[in-house]
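A.B. asks: So I've got this file, start_22.cif, and it contains mmCIF, C-alpha atoms (C1' of nucleotides):
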```cif
data_run
loop_
_atom_site.group_PDB
_atom_site.id
_atom_site.type_symbol
_atom_site.label_atom_id
_atom_site.label_comp_id
_atom_site.auth_asym_id
_atom_site.auth_seq_id
_atom_site.Cartn_x
_atom_site.Cartn_y
_atom_site.Cartn_z
ATOM 1 C CA MET A 1 -4.086 -10.437 -22.212
ATOM 2 C CA PRO A 2 -5.389 -12.213 -19.119
ATOM 3 C CA HIS A 3 -1.898 -13.679 -18.638
ATOM 4 C CA ARG A 4 -0.391 -10.266 -18.293
ATOM 5 C CA VAL A 5 -3.101 -9.160 -15.902
ATOM 6 C CA HIS A 6 -2.690 -12.222 -13.747
ATOM 7 C CA VAL A 7 1.075 -12.050 -13.602
ATOM 8 C CA ALA A 8 1.002 -8.291 -13.005
ATOM 9 C CA ARG A 9 -1.269 -8.895 -10.028
ATOM 10 C CA GLU A 10 1.146 -11.391 -8.498
ATOM 11 C CA LEU A 11 4.124 -9.195 -9.146
ATOM 12 C CA ALA A 12 2.327 -6.252 -7.550
ATOM 13 C CA GLU A 13 1.811 -8.407 -4.449
ATOM 14 C CA VAL A 14 5.531 -8.947 -4.180
ATOM 15 C CA PHE A 15 6.194 -5.220 -4.559
ATOM 16 C CA LYS A 16 3.570 -4.461 -1.934
ATOM 17 C CA LEU A 17 5.163 -6.853 0.529
ATOM 18 C CA ILE A 18 8.515 -5.173 0.170
ATOM 19 C CA ALA A 19 7.113 -1.652 0.100
ATOM 20 C CA HIS A 20 7.604 -0.853 3.758
ATOM 21 C CA PRO A 21 10.677 0.770 5.306
ATOM 22 C CA ASP A 22 10.856 -1.705 8.195
ATOM 23 C CA ARG A 23 10.597 -4.675 5.894
ATOM 24 C CA ILE A 24 13.271 -3.355 3.579
ATOM 25 C CA ARG A 25 15.695 -2.898 6.457
ATOM 26 C CA LEU A 26 14.705 -6.302 7.767
ATOM 27 C CA ILE A 27 15.485 -8.036 4.508
ATOM 28 C CA GLU A 28 18.785 -6.216 4.169
ATOM 29 C CA GLU A 29 19.655 -7.175 7.735
ATOM 30 C CA LEU A 30 19.001 -10.833 6.975
ATOM 31 C CA ARG A 31 21.624 -10.591 4.282
ATOM 32 C CA ASN A 32 24.029 -11.123 7.191
ATOM 33 C CA GLY A 33 22.490 -14.516 7.771
ATOM 34 C CA GLU A 34 19.915 -16.233 9.921
ATOM 35 C CA CYS A 35 18.787 -14.316 12.994
ATOM 36 C CA ASP A 36 16.219 -14.524 15.790
ATOM 37 C CA VAL A 37 13.393 -12.047 16.307
ATOM 38 C CA ASN A 38 14.742 -10.345 19.400
ATOM 39 C CA SER A 39 18.180 -9.687 17.973
ATOM 40 C CA LEU A 40 16.592 -8.324 14.821
ATOM 41 C CA ALA A 41 14.368 -6.079 16.914
ATOM 42 C CA LEU A 42 17.405 -4.689 18.711
ATOM 43 C CA ARG A 43 19.438 -4.193 15.549
ATOM 44 C CA LEU A 44 16.595 -2.464 13.734
ATOM 45 C CA ASP A 45 15.343 -0.644 16.818
ATOM 46 C CA LEU A 46 11.759 -1.806 16.409
ATOM 47 C CA PRO A 47 9.266 -3.268 18.895
ATOM 48 C CA PRO A 48 9.507 -7.077 18.707
ATOM 49 C CA THR A 49 5.772 -7.450 18.166
ATOM 50 C CA ARG A 50 5.887 -5.239 15.141
ATOM 51 C CA LEU A 51 8.797 -7.161 13.738
ATOM 52 C CA SER A 52 6.968 -10.400 14.328
ATOM 53 C CA GLN A 53 4.032 -9.056 12.337
ATOM 54 C CA HIS A 54 6.286 -8.118 9.439
ATOM 55 C CA LEU A 55 7.972 -11.504 9.571
ATOM 56 C CA SER A 56 4.630 -13.216 9.533
ATOM 57 C CA LEU A 57 3.726 -11.463 6.264
ATOM 58 C CA LEU A 58 7.051 -12.251 4.642
ATOM 59 C CA ARG A 59 6.833 -15.838 5.843
ATOM 60 C CA ALA A 60 3.376 -16.298 4.325
ATOM 61 C CA ALA A 61 4.785 -15.029 1.025
ATOM 62 C CA ARG A 62 7.813 -17.343 1.339
ATOM 63 C CA ILE A 63 10.204 -14.448 1.199
ATOM 64 C CA VAL A 64 11.687 -15.616 4.483
ATOM 65 C CA GLU A 65 11.891 -19.064 6.044
ATOM 66 C CA GLU A 66 11.724 -19.941 9.703
ATOM 67 C CA ARG A 67 13.371 -22.607 11.787
ATOM 68 C CA ARG A 68 13.161 -23.074 15.546
ATOM 69 C CA ASN A 69 15.954 -23.515 17.980
ATOM 70 C CA GLY A 70 14.565 -23.926 21.461
ATOM 71 C CA ARG A 71 12.342 -20.976 22.108
ATOM 72 C CA GLN A 72 13.949 -18.828 19.473
ATOM 73 C CA HIS A 73 12.554 -18.522 15.975
ATOM 74 C CA LEU A 74 15.356 -18.089 13.494
ATOM 75 C CA TYR A 75 14.616 -16.397 10.198
ATOM 76 C CA ARG A 76 16.545 -16.338 6.956
ATOM 77 C CA LEU A 77 15.929 -15.210 3.384
ATOM 78 C CA ALA A 78 14.323 -17.887 1.261
ATOM 79 C CA GLN A 79 16.130 -16.462 -1.779
ATOM 80 C CA PRO A 80 19.078 -14.356 -0.706
ATOM 81 C CA GLN A 81 19.299 -12.694 -4.142
ATOM 82 C CA ILE A 82 16.193 -10.710 -3.244
ATOM 83 C CA ALA A 83 18.320 -8.423 -1.055
ATOM 84 C CA ARG A 84 20.447 -7.513 -4.026
ATOM 85 C CA TRP A 85 17.431 -6.958 -6.242
ATOM 86 C CA ILE A 86 15.983 -4.570 -3.683
ATOM 87 C CA THR A 87 19.151 -2.493 -3.474
ATOM 88 C CA ASP A 88 19.214 -2.339 -7.271
ATOM 89 C CA GLY A 89 16.088 -0.238 -6.836
ATOM 90 C CA LEU A 90 18.205 2.500 -5.270
ATOM 91 C CA ALA A 91 18.999 3.621 -8.799
ATOM 92 C CA PHE A 92 15.418 4.803 -9.083
ATOM 93 C CA VAL A 93 15.498 6.583 -5.750
ATOM 94 C CA GLU A 94 18.420 8.657 -6.941
ATOM 95 C CA ALA A 95 16.424 10.183 -9.761
ATOM 96 C CA ARG A 96 13.673 11.503 -7.515
ATOM 97 C CA ALA A 97 15.623 12.232 -4.356
ATOM 98 C CA PRO A 98 17.017 15.695 -3.660
ATOM 99 C CA ALA A 99 20.755 16.035 -4.120
ATOM 100 C CA SER A 100 21.062 16.216 -0.325
ATOM 101 C CA MET A 101 20.450 12.493 -0.213
ATOM 102 C CA ALA A 102 23.411 11.525 -2.352
ATOM 103 C CA GLY A 103 25.646 11.081 0.697
ATOM 104 C CA ASP A 104 23.165 8.842 2.516
ATOM 105 C CA LEU A 105 22.720 6.791 -0.621
ATOM 106 C CA ARG A 106 26.449 6.190 -0.954
ATOM 107 C CA GLU A 107 26.739 5.110 2.669
ATOM 108 C CA VAL A 108 23.777 2.811 2.548
ATOM 109 C CA ARG A 109 24.852 1.275 -0.724
ATOM 110 C CA ALA A 110 28.141 0.361 0.943
ATOM 111 C CA LEU A 111 26.346 -1.134 3.944
ATOM 112 C CA TRP A 112 23.882 -3.122 1.874
ATOM 113 C CA SER A 113 26.234 -4.916 -0.443
ATOM 114 C CA MET B 114 21.416 4.255 11.634
ATOM 115 C CA PRO B 115 19.299 7.242 10.606
ATOM 116 C CA HIS B 116 20.807 6.998 7.103
ATOM 117 C CA ARG B 117 19.456 3.525 6.656
ATOM 118 C CA VAL B 118 16.051 4.533 7.970
ATOM 119 C CA HIS B 119 15.863 7.531 5.680
ATOM 120 C CA VAL B 120 16.967 5.665 2.587
ATOM 121 C CA ALA B 121 14.703 2.714 3.402
ATOM 122 C CA ARG B 122 11.774 5.113 3.547
ATOM 123 C CA GLU B 123 12.550 6.516 0.106
ATOM 124 C CA LEU B 124 13.080 3.101 -1.366
ATOM 125 C CA ALA B 125 9.781 1.915 0.119
ATOM 126 C CA GLU B 126 8.081 4.829 -1.647
ATOM 127 C CA VAL B 127 9.414 3.629 -4.972
ATOM 128 C CA PHE B 128 8.217 0.096 -4.272
ATOM 129 C CA LYS B 129 4.808 1.412 -3.250
ATOM 130 C CA LEU B 130 4.489 3.375 -6.474
ATOM 131 C CA ILE B 131 5.148 0.302 -8.539
ATOM 132 C CA ALA B 132 3.056 -2.006 -6.374
ATOM 133 C CA HIS B 133 -0.113 -1.872 -8.430
ATOM 134 C CA PRO B 134 -1.064 -4.232 -11.251
ATOM 135 C CA ASP B 135 -2.192 -1.430 -13.564
ATOM 136 C CA ARG B 136 0.984 0.547 -13.009
ATOM 137 C CA ILE B 137 3.176 -2.469 -13.631
ATOM 138 C CA ARG B 138 1.453 -3.160 -16.934
ATOM 139 C CA LEU B 139 1.638 0.511 -17.771
ATOM 140 C CA ILE B 140 5.378 0.689 -17.214
ATOM 141 C CA GLU B 141 5.949 -2.477 -19.226
ATOM 142 C CA GLU B 142 3.792 -1.063 -22.010
ATOM 143 C CA LEU B 143 5.902 2.088 -22.101
ATOM 144 C CA ARG B 144 8.888 -0.098 -22.806
ATOM 145 C CA ASN B 145 7.612 0.064 -26.394
ATOM 146 C CA GLY B 146 8.190 3.791 -26.386
ATOM 147 C CA GLU B 147 6.351 7.021 -25.862
ATOM 148 C CA CYS B 148 2.570 6.810 -25.969
ATOM 149 C CA ASP B 149 -0.496 8.964 -25.368
ATOM 150 C CA VAL B 150 -3.071 8.365 -22.663
ATOM 151 C CA ASN B 151 -5.901 7.177 -24.869
ATOM 152 C CA SER B 152 -3.850 4.624 -26.742
ATOM 153 C CA LEU B 153 -2.489 3.330 -23.467
ATOM 154 C CA ALA B 154 -6.007 3.077 -22.087
ATOM 155 C CA LEU B 155 -7.057 1.012 -25.093
ATOM 156 C CA ARG B 156 -4.021 -1.238 -25.010
ATOM 157 C CA LEU B 157 -4.333 -1.882 -21.286
ATOM 158 C CA ASP B 158 -8.126 -1.962 -21.325
ATOM 159 C CA LEU B 159 -8.505 0.588 -18.538
ATOM 160 C CA PRO B 160 -10.708 3.692 -18.192
ATOM 161 C CA PRO B 161 -8.685 6.717 -19.357
ATOM 162 C CA THR B 162 -9.374 8.606 -16.134
ATOM 163 C CA ARG B 163 -7.903 5.823 -14.066
ATOM 164 C CA LEU B 164 -4.851 5.691 -16.256
ATOM 165 C CA SER B 165 -4.436 9.412 -15.971
ATOM 166 C CA GLN B 166 -4.481 9.103 -12.199
ATOM 167 C CA HIS B 167 -1.795 6.433 -12.280
ATOM 168 C CA LEU B 168 0.268 8.526 -14.657
ATOM 169 C CA SER B 169 -0.055 11.506 -12.395
ATOM 170 C CA LEU B 170 1.471 9.529 -9.498
ATOM 171 C CA LEU B 171 4.303 8.188 -11.606
ATOM 172 C CA ARG B 172 4.938 11.626 -13.042
ATOM 173 C CA ALA B 173 5.190 13.204 -9.577
ATOM 174 C CA ALA B 174 7.755 10.554 -8.687
ATOM 175 C CA ARG B 175 9.643 11.154 -11.942
ATOM 176 C CA ILE B 176 9.235 7.577 -13.024
ATOM 177 C CA VAL B 177 7.623 8.799 -16.223
ATOM 178 C CA GLU B 178 8.038 12.030 -18.139
ATOM 179 C CA GLU B 179 5.405 13.885 -20.113
ATOM 180 C CA ARG B 180 5.539 15.961 -23.240
ATOM 181 C CA ARG B 181 2.624 17.494 -25.104
ATOM 182 C CA ASN B 182 1.839 17.267 -28.728
ATOM 183 C CA GLY B 183 -1.278 19.226 -29.505
ATOM 184 C CA ARG B 184 -3.940 17.998 -27.165
ATOM 185 C CA GLN B 185 -2.292 14.699 -26.558
ATOM 186 C CA HIS B 186 -0.068 14.083 -23.573
ATOM 187 C CA LEU B 187 2.725 11.709 -24.489
ATOM 188 C CA TYR B 188 4.348 9.712 -21.727
ATOM 189 C CA ARG B 189 7.637 7.848 -21.643
ATOM 190 C CA LEU B 190 9.792 6.163 -19.008
ATOM 191 C CA ALA B 191 12.225 8.560 -17.379
ATOM 192 C CA GLN B 192 14.658 5.675 -16.913
ATOM 193 C CA PRO B 193 13.823 2.842 -19.267
ATOM 194 C CA GLN B 194 15.908 0.360 -17.229
ATOM 195 C CA ILE B 195 13.170 0.394 -14.601
ATOM 196 C CA ALA B 196 11.069 -1.894 -16.802
ATOM 197 C CA ARG B 197 13.799 -4.483 -16.785
ATOM 198 C CA TRP B 198 14.290 -4.174 -13.043
ATOM 199 C CA ILE B 199 10.600 -4.783 -12.485
ATOM 200 C CA THR B 200 10.548 -7.932 -14.568
ATOM 201 C CA ASP B 201 13.598 -9.167 -12.663
ATOM 202 C CA GLY B 202 11.187 -9.349 -9.738
ATOM 203 C CA LEU B 203 9.360 -12.186 -11.495
ATOM 204 C CA ALA B 204 11.984 -14.494 -10.022
ATOM 205 C CA PHE B 205 10.419 -13.895 -6.636
ATOM 206 C CA VAL B 206 6.904 -14.483 -7.892
ATOM 207 C CA GLU B 207 7.914 -17.915 -9.093
ATOM 208 C CA ALA B 208 8.816 -19.067 -5.606
ATOM 209 C CA ARG B 209 5.427 -18.277 -4.141
ATOM 210 C CA ALA B 210 3.197 -18.904 -7.128
ATOM 211 C CA PRO B 211 1.499 -22.246 -7.654
ATOM 212 C CA ALA B 212 3.018 -24.405 -10.367
ATOM 213 C CA SER B 213 -0.051 -23.643 -12.482
ATOM 214 C CA MET B 214 1.373 -20.179 -13.103
ATOM 215 C CA ALA B 215 4.599 -21.352 -14.683
ATOM 216 C CA GLY B 216 3.098 -21.160 -18.173
ATOM 217 C CA ASP B 217 1.796 -17.622 -17.707
ATOM 218 C CA LEU B 218 5.144 -16.573 -16.342
ATOM 219 C CA ARG B 219 6.986 -17.904 -19.362
ATOM 220 C CA GLU B 220 4.652 -16.129 -21.751
ATOM 221 C CA VAL B 221 4.801 -12.838 -19.934
ATOM 222 C CA ARG B 222 8.546 -12.960 -19.581
ATOM 223 C CA ALA B 223 8.755 -13.274 -23.358
ATOM 224 C CA LEU B 224 6.386 -10.331 -23.846
ATOM 225 C CA TRP B 225 8.158 -8.101 -21.346
ATOM 226 C CA SER B 226 11.685 -8.342 -22.585
ATOM 227 C "C1'" DG C 227 -15.618 32.735 -30.366
ATOM 228 C "C1'" DC C 228 -17.576 27.926 -29.940
ATOM 229 C "C1'" DA C 229 -17.964 23.099 -30.042
ATOM 230 C "C1'" DT C 230 -15.273 19.163 -29.445
ATOM 231 C "C1'" DA C 231 -11.544 16.169 -28.061
ATOM 232 C "C1'" DA C 232 -7.942 14.733 -24.769
ATOM 233 C "C1'" DT C 233 -6.674 14.862 -20.349
ATOM 234 C "C1'" DC C 234 -6.537 16.501 -15.641
ATOM 235 C "C1'" DT C 235 -8.105 17.437 -10.740
ATOM 236 C "C1'" DG C 236 -11.077 17.158 -6.572
ATOM 237 C "C1'" DC C 237 -13.969 14.634 -3.949
ATOM 238 C "C1'" DA C 238 -16.290 10.804 -1.477
ATOM 239 C "C1'" DA C 239 -16.993 5.805 -0.546
ATOM 240 C "C1'" DG C 240 -15.136 1.599 -0.008
ATOM 241 C "C1'" DT C 241 -11.256 -1.116 1.004
ATOM 242 C "C1'" DC C 242 -6.705 -2.380 2.640
ATOM 243 C "C1'" DT C 243 -2.574 -1.455 5.729
ATOM 244 C "C1'" DT C 244 -0.235 -0.293 9.822
ATOM 245 C "C1'" DT C 245 0.403 -0.298 14.627
ATOM 246 C "C1'" DG C 246 -0.318 -0.670 19.471
ATOM 247 C "C1'" DT C 247 -2.404 -3.360 23.145
ATOM 248 C "C1'" DA C 248 -3.800 -7.482 25.211
ATOM 249 C "C1'" DG C 249 -3.823 -12.055 25.635
ATOM 250 C "C1'" DA C 250 -2.368 -16.787 23.744
ATOM 251 C "C1'" DT C 251 1.329 -20.440 22.910
ATOM 252 C "C1'" DA C 252 5.439 -22.807 23.281
ATOM 253 C "C1'" DT C 253 9.935 -23.819 25.462
ATOM 254 C "C1'" DG C 254 13.336 -24.224 29.144
ATOM 255 C "C1'" DC C 255 14.524 -24.620 33.717
ATOM 256 C "C1'" DA C 256 14.260 -24.772 38.807
ATOM 257 C "C1'" DT D 257 4.546 -28.005 38.546
ATOM 258 C "C1'" DG D 258 5.254 -23.100 38.131
ATOM 259 C "C1'" DC D 259 7.570 -19.268 36.343
ATOM 260 C "C1'" DA D 260 10.183 -16.640 32.940
ATOM 261 C "C1'" DT D 261 11.396 -15.972 28.160
ATOM 262 C "C1'" DA D 262 10.533 -15.644 23.208
ATOM 263 C "C1'" DT D 263 7.303 -15.155 19.962
ATOM 264 C "C1'" DC D 264 2.749 -15.307 17.976
ATOM 265 C "C1'" DT D 265 -2.196 -14.006 17.000
ATOM 266 C "C1'" DA D 266 -6.502 -11.182 17.413
ATOM 267 C "C1'" DC D 267 -8.510 -6.999 17.456
ATOM 268 C "C1'" DA D 268 -9.518 -2.130 16.898
ATOM 269 C "C1'" DA D 269 -8.324 2.648 15.693
ATOM 270 C "C1'" DA D 270 -6.019 5.540 12.573
ATOM 271 C "C1'" DG D 271 -4.395 6.279 8.271
ATOM 272 C "C1'" DA D 272 -3.464 5.442 3.278
ATOM 273 C "C1'" DC D 273 -4.897 3.693 -1.356
ATOM 274 C "C1'" DT D 274 -8.146 2.958 -5.121
ATOM 275 C "C1'" DT D 275 -11.815 4.177 -8.023
ATOM 276 C "C1'" DG D 276 -15.685 6.286 -10.201
ATOM 277 C "C1'" DC D 277 -17.885 10.501 -11.023
ATOM 278 C "C1'" DA D 278 -18.440 15.355 -11.901
ATOM 279 C "C1'" DG D 279 -16.507 19.313 -13.330
ATOM 280 C "C1'" DA D 280 -12.178 21.993 -14.797
ATOM 281 C "C1'" DT D 281 -8.446 22.716 -18.231
ATOM 282 C "C1'" DT D 282 -6.125 22.983 -22.605
ATOM 283 C "C1'" DA D 283 -5.765 22.668 -27.556
ATOM 284 C "C1'" DT D 284 -7.862 22.239 -32.321
ATOM 285 C "C1'" DG D 285 -10.441 23.521 -36.145
ATOM 286 C "C1'" DC D 286 -14.420 25.589 -38.018
#
```
I'd like the structure from this file rewritten - as structure tokens, please.
C.D. replies:
Amino acid sequence: MPHRVHVARELAEVFKLIAHPDRIRLIEELRNGECDVNSLALRLDLPPTRLSQHLSLLRAARIVEERRNGRQHLYRLAQPQIARWITDGLAFVEARAPASMAGDLREVRALWS
Amino acid sequence: MPHRVHVARELAEVFKLIAHPDRIRLIEELRNGECDVNSLALRLDLPPTRLSQHLSLLRAARIVEERRNGRQHLYRLAQPQIARWITDGLAFVEARAPASMAGDLREVRALWS
DNA sequence: GCATAATCTGCAAGTCTTTGTAGATATGCA
DNA sequence: TGCATATCTACAAAGACTTGCAGATTATGC
């Protein structure tokens, strides 16, 4: 029993780290490959500081990896399959979302794949 | 762009709902089929009130469904595939977990499949 | 009807998360 | 060196989540 509890705790940590709209978009954006903080901030339309804070969390959890090129910090997914796993979760959004979201879901599924 | 933001928000909600050790164990337990609150509380070693609160969240999000049989409330997964999707996330625990967890992970993977 | 069993809901305290602001660090270049 | 750029970290306020407890609800069987 303690095994299950321990593993469930770790797994919950991973879910918690992903459970933020900015971080989900961030991870899906990194699917397109390595990118620096400022470009990400522009693409996601978020304040760079906020993005940096998100990246710092994901970095600590080894969900993303960092490498420096001059004064830029380039980030990439440590395990690119995570992006796919996250979009697989859309199946469970469908069930609870109002029918009005079906169109958005189709569009986003196309973008994130 | 607003599509992505909207969908990311919904998806983050789903992640947030799952991001709790009790709720993860609960969902994996329901893989074994419909069960009432008290039995679940015993199997998971949690106070029934707490379990009921978790179930109430998952029910509102249509992750579980309820049916009554006398005074018992029987719960089941609305979409049983969610249990499998959750355990797929173990791949991303492995990367950040210390090597000492490898054994636990193997055991739990066997239990939850 | 009443006592009991199974579960739910509302509330309050403690804790954790998010986010902006301000200031710190590191790099490149004149 | 001195200044600009890119990013990071620290901190505090606001908000959200978790949990136990007390009391409400619903169903059963006498």
A.B. asks: Write out as a tab-separated table a residue-level contact list of chain D versus chain B with cut-off 8 Å: for each qualifying residue the closest pair of atoms and the distance in Å to one decimal, counting all atoms listed in the file, rows sorted by chain and residue number upward.
C.D. replies:
```
residue	atom	partner	partner_atom	distance
D:DT275	C1'	B:Arg163	CA	7.4
D:DT282	C1'	B:Arg184	CA	7.1
D:DA283	C1'	B:Arg184	CA	5.0
D:DT284	C1'	B:Arg184	CA	7.7
```
A.B. asks: Tell me the residues of chain C close to chain A, meaning within 12 Å using all atoms listed in the file, as a CSV table (one decimal) with C-alpha atoms (C1' of nucleotides), in the coordinates of the input.
C.D. replies:
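The result, stored in result.csv:
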```csv
chain,number,residue,atom,x,y,z
C,242,DC,C1',-6.7,-2.4,2.6
C,243,DT,C1',-2.6,-1.5,5.7
C,244,DT,C1',-0.2,-0.3,9.8
C,245,DT,C1',0.4,-0.3,14.6
C,246,DG,C1',-0.3,-0.7,19.5
C,247,DT,C1',-2.4,-3.4,23.1
C,248,DA,C1',-3.8,-7.5,25.2
C,251,DT,C1',1.3,-20.4,22.9
C,252,DA,C1',5.4,-22.8,23.3
C,253,DT,C1',9.9,-23.8,25.5
C,254,DG,C1',13.3,-24.2,29.1
```
A.B. asks: How far is it from atom CA of Glu147 of chain B to atom CA of Tyr188 of chain B, in Å with one decimal?
C.D. replies: 5.3 Å
A.B. asks: Nearest residue to chain B out of A:Pro2, A:Leu46, A:Ala8, A:Gly33, using only C-alpha atoms?
C.D. replies: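 The shortest atom-to-atom distance to chain B comes from A:Ala8.
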A.B. asks: With only C-alpha atoms considered, list every residue of chain B at most 7 Å from chain A, as a PyMOL selection string.
C.D. replies: chain B and resi 116-117+120-129+131-134+137-138+174-175+203+206+209+217-218+221
A.B. asks: With the file shown as input, list the residues that the PyMOL selection byres ((chain D and resi 279) around 12) selects, as a ChimeraX atom specification.
C.D. replies: /C:234-237 /D:277-278,280-281
A.B. asks: I'd like the interatomic distance between atom CA of Leu40 of chain A and atom CA of Leu26 of chain A, to a tenth of an Å.
C.D. replies: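 Value for the atom CA of Leu40 of chain A-atom CA of Leu26 of chain A distance: 7.6 Å.
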